[in-house]
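Engineer: Have a look at the structure that comes next, please.
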Amino acid sequence: MAEDAQTLQKIVARDGTMSFADPEARWGFQKKNEPFLGYKTVISTDESGIVTGVRVVTGNESEADSLLPLVKELKARGLAAGKLAADKGYDGKDLREELRELGIRAYTPQHQTKDRLPEGLTYDEKRDAVRCPKGKFSHQKTPHQRGGTLYSFRSADCQRCPLCDDCLSAGRRAKIVYYRADLHEHRPKGIHQAMRIRRTVERVFGDAKYWHRMEHSRYTRRCRVATQVLLTMTVLNAKKMVKLAVEPYAGDLRKDGVRSRESGDLVPQAPVPLERTLPFLGLLPRRELRPDASEVGLLF
């Protein structure tokens with residue numbers, strides 16, 4: 001089974017392996033040994049769960065390649081936010097820099113664990129040195145052949161350290177760590193809070209698959225699959241809009257306003273922008289509607 005998966009991976013990497021039933025479909029992998037034939041859906045949402053953008057790509061395409069075109073499309077329609085939270089599949093130095101040029105801060109976990117510092121060690125950008133848990137800084141750095149830097153600590157500092165036995169490898173008298181500072185440029189703080197907010201996207205996918213059977217395509221060819229995805233997201237947005245209209249004070253909301261995340265104070269309920277309900281179809285005018293159940297019923 002493992003050999004079959006490896007062979008399939010090589011074929012997919014070479015030409016994508018077309019299907020006779022759907023010539024536009026391609027083989028891809030969600031996990032190492034779990035291939036699938038079909039398409040991937042990349043969506044963007046706001047914090048309330050309203051879908052603001054959709055792209056459908058083939059199974060062998062990278063989702064990360066679709067992120068920048070999607071963000072530019074949102075920006076052209078005035079829907080791009082100043083911050084973006086995504087999973088580690090979208091992590092990358094070049095992508096963060098391009099988003100930064102568009103005025104967007106990207107919050108993504110590190111994709112490669114080998115480029116992280118061991119637990120307890122931190123990198124000091126001003127000194128271009130690594131700091132250990134006991135406050136000692138590395139005193140020597142050597143360029144590495146794969147692009148990073150080896151940071152070495154003094155053997156005298158390491159031998160006197162109470163953490164010496166747990167920190168040093170067998171036969172080592174001083175700590176040496178590998179780190180690539182350039183891979184972590186423009187990486188903002190607050191990643192844990194951003195990942196909690198990112199769960200909103202997962203809930204949208206969960207609703208689409210569980211309630212609307214979007215885990216399987218009902219059609220062949222990408223344009224028809226995209227139609228199915230767009231209609232599904234339209235229904236999800238309609239349901240979300242109605243929920244915001246008839247239950248405007250759910251979750252952290254109180255009877256007289258919304259509980260502010262920053263200060264904890266109650267602030268007035270903001271109007272719901274109408275164009276955010278179906279923005280990727282571009283069918284609605286750019287105006288605002290306060291959440292009223294009767295008016296929302298007329299829309300859909």
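Labels for the structure tokens follow display order: chains A, B, ..., residues from 1 in each chain, ligands from 1.
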List the spatial neighbours of range 82-88 of chain A as number ranges by chain - criterion: any atom at most 7 Å away, only C-alpha atoms, same-chain residues fewer than 3 positions off excluded.

Structural biologist: A: 91, 103-111, 194-195, 198

Engineer: Would you pick out the contacts of Arg173 in chain A at 12 Å or less, using only C-alpha atoms, so that residues sharing its chain but fewer than 4 positions from it are not included, and give the list as a list in words?

Structural biologist: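 Close residues of Arg173 in chain A: Ser152, Phe153, Arg154, Ser155, Ala156, Asp157, Cys158, Gln159, Arg160, Cys161, Cys164, Asp165, Cys167, Leu168 and Ser169 of chain A.
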
Engineer: From the DSSP assignment of the backbone, select every residue of range 17-64 of chain A that is strand (DSSP E), and format the answer as a PDB file with N, CA and C atoms, in the first residue's frame.

Structural biologist:
ATOM      1  N   ARG A  26      -7.724  16.392 -11.500  1.00  0.00           N
ATOM      2  CA  ARG A  26      -6.353  15.947 -11.267  1.00  0.00           C
ATOM      3  C   ARG A  26      -6.252  15.242  -9.916  1.00  0.00           C
ATOM      4  N   TRP A  27      -5.239  14.359  -9.829  1.00  0.00           N
ATOM      5  CA  TRP A  27      -4.970  13.704  -8.559  1.00  0.00           C
ATOM      6  C   TRP A  27      -4.219  14.665  -7.633  1.00  0.00           C
ATOM      7  N   GLY A  28      -4.597  14.623  -6.373  1.00  0.00           N
ATOM      8  CA  GLY A  28      -3.914  15.422  -5.366  1.00  0.00           C
ATOM      9  C   GLY A  28      -3.872  14.665  -4.052  1.00  0.00           C
ATOM     10  N   PHE A  29      -3.261  15.280  -3.050  1.00  0.00           N
ATOM     11  CA  PHE A  29      -3.123  14.647  -1.735  1.00  0.00           C
ATOM     12  C   PHE A  29      -3.543  15.623  -0.645  1.00  0.00           C
ATOM     13  N   GLN A  30      -4.481  15.187   0.199  1.00  0.00           N
ATOM     14  CA  GLN A  30      -4.780  15.935   1.413  1.00  0.00           C
ATOM     15  C   GLN A  30      -3.794  15.535   2.503  1.00  0.00           C
ATOM     16  N   LYS A  31      -3.446  14.241   2.535  1.00  0.00           N
ATOM     17  CA  LYS A  31      -2.427  13.710   3.427  1.00  0.00           C
ATOM     18  C   LYS A  31      -1.503  12.824   2.604  1.00  0.00           C
ATOM     19  N   GLU A  34      -3.222   9.607   1.343  1.00  0.00           N
ATOM     20  CA  GLU A  34      -4.652   9.736   1.067  1.00  0.00           C
ATOM     21  C   GLU A  34      -4.861  10.545  -0.215  1.00  0.00           C
ATOM     22  N   PRO A  35      -4.680   9.906  -1.384  1.00  0.00           N
ATOM     23  CA  PRO A  35      -4.886  10.631  -2.641  1.00  0.00           C
ATOM     24  C   PRO A  35      -6.374  10.813  -2.945  1.00  0.00           C
ATOM     25  N   PHE A  36      -6.692  11.799  -3.758  1.00  0.00           N
ATOM     26  CA  PHE A  36      -8.059  12.010  -4.211  1.00  0.00           C
ATOM     27  C   PHE A  36      -8.018  12.553  -5.627  1.00  0.00           C
ATOM     28  N   LEU A  37      -9.074  12.331  -6.358  1.00  0.00           N
ATOM     29  CA  LEU A  37      -9.199  12.831  -7.718  1.00  0.00           C
ATOM     30  C   LEU A  37     -10.279  13.903  -7.747  1.00  0.00           C
ATOM     31  N   GLY A  38      -9.923  15.107  -8.157  1.00  0.00           N
ATOM     32  CA  GLY A  38     -10.939  16.143  -8.198  1.00  0.00           C
ATOM     33  C   GLY A  38     -10.364  17.543  -8.097  1.00  0.00           C
ATOM     34  N   TYR A  39     -10.976  18.341  -7.225  1.00  0.00           N
ATOM     35  CA  TYR A  39     -10.656  19.762  -7.132  1.00  0.00           C
ATOM     36  C   TYR A  39     -10.539  20.184  -5.676  1.00  0.00           C
ATOM     37  N   LYS A  40      -9.938  21.347  -5.474  1.00  0.00           N
ATOM     38  CA  LYS A  40      -9.826  21.951  -4.149  1.00  0.00           C
ATOM     39  C   LYS A  40     -10.562  23.287  -4.156  1.00  0.00           C
ATOM     40  N   THR A  41     -11.095  23.632  -3.000  1.00  0.00           N
ATOM     41  CA  THR A  41     -11.789  24.903  -2.841  1.00  0.00           C
ATOM     42  C   THR A  41     -11.041  25.771  -1.852  1.00  0.00           C
ATOM     43  N   VAL A  42     -10.725  26.982  -2.248  1.00  0.00           N
ATOM     44  CA  VAL A  42     -10.073  27.961  -1.376  1.00  0.00           C
ATOM     45  C   VAL A  42     -11.071  29.084  -1.132  1.00  0.00           C
ATOM     46  N   ILE A  43     -11.370  29.357   0.142  1.00  0.00           N
ATOM     47  CA  ILE A  43     -12.331  30.415   0.455  1.00  0.00           C
ATOM     48  C   ILE A  43     -11.733  31.375   1.468  1.00  0.00           C
ATOM     49  N   SER A  44     -12.303  32.564   1.522  1.00  0.00           N
ATOM     50  CA  SER A  44     -11.956  33.531   2.558  1.00  0.00           C
ATOM     51  C   SER A  44     -13.245  33.952   3.249  1.00  0.00           C
ATOM     52  N   THR A  45     -13.162  34.187   4.552  1.00  0.00           N
ATOM     53  CA  THR A  45     -14.324  34.631   5.320  1.00  0.00           C
ATOM     54  C   THR A  45     -13.917  35.773   6.241  1.00  0.00           C
ATOM     55  N   VAL A  51     -18.758  34.284   3.879  1.00  0.00           N
ATOM     56  CA  VAL A  51     -17.791  33.971   2.833  1.00  0.00           C
ATOM     57  C   VAL A  51     -17.626  35.185   1.933  1.00  0.00           C
ATOM     58  N   THR A  52     -16.392  35.646   1.774  1.00  0.00           N
ATOM     59  CA  THR A  52     -16.124  36.840   0.980  1.00  0.00           C
ATOM     60  C   THR A  52     -15.416  36.544  -0.334  1.00  0.00           C
ATOM     61  N   GLY A  53     -14.864  35.347  -0.502  1.00  0.00           N
ATOM     62  CA  GLY A  53     -14.170  35.022  -1.740  1.00  0.00           C
ATOM     63  C   GLY A  53     -14.059  33.518  -1.923  1.00  0.00           C
ATOM     64  N   VAL A  54     -14.088  33.067  -3.178  1.00  0.00           N
ATOM     65  CA  VAL A  54     -14.034  31.636  -3.496  1.00  0.00           C
ATOM     66  C   VAL A  54     -13.174  31.423  -4.735  1.00  0.00           C
ATOM     67  N   ARG A  55     -12.332  30.405  -4.705  1.00  0.00           N
ATOM     68  CA  ARG A  55     -11.584  29.960  -5.879  1.00  0.00           C
ATOM     69  C   ARG A  55     -11.579  28.438  -5.890  1.00  0.00           C
ATOM     70  N   VAL A  56     -11.757  27.854  -7.048  1.00  0.00           N
ATOM     71  CA  VAL A  56     -11.739  26.402  -7.219  1.00  0.00           C
ATOM     72  C   VAL A  56     -10.548  26.043  -8.105  1.00  0.00           C
ATOM     73  N   VAL A  57      -9.674  25.175  -7.612  1.00  0.00           N
ATOM     74  CA  VAL A  57      -8.473  24.764  -8.348  1.00  0.00           C
ATOM     75  C   VAL A  57      -8.457  23.248  -8.453  1.00  0.00           C
ATOM     76  N   THR A  58      -7.631  22.730  -9.344  1.00  0.00           N
ATOM     77  CA  THR A  58      -7.521  21.282  -9.507  1.00  0.00           C
ATOM     78  C   THR A  58      -6.765  20.665  -8.331  1.00  0.00           C
TER      79      THR A  58
END

Engineer: Provide the CA of Gly148 in chain A to CA of Glu63 in chain A distance in Å, to one decimal place.

Structural biologist: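 CA of Gly148 in chain A sits 26.7 Å away from CA of Glu63 in chain A.
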
Engineer: Out of A:Asp166, A:Asp124, A:Ala181, A:Ile50, which residue has the shortest atom-to-atom distance to Pro143 in chain A when counting only C-alpha atoms?

Structural biologist: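 With only C-alpha atoms as the atom set, the closest residue is A:Ala181.
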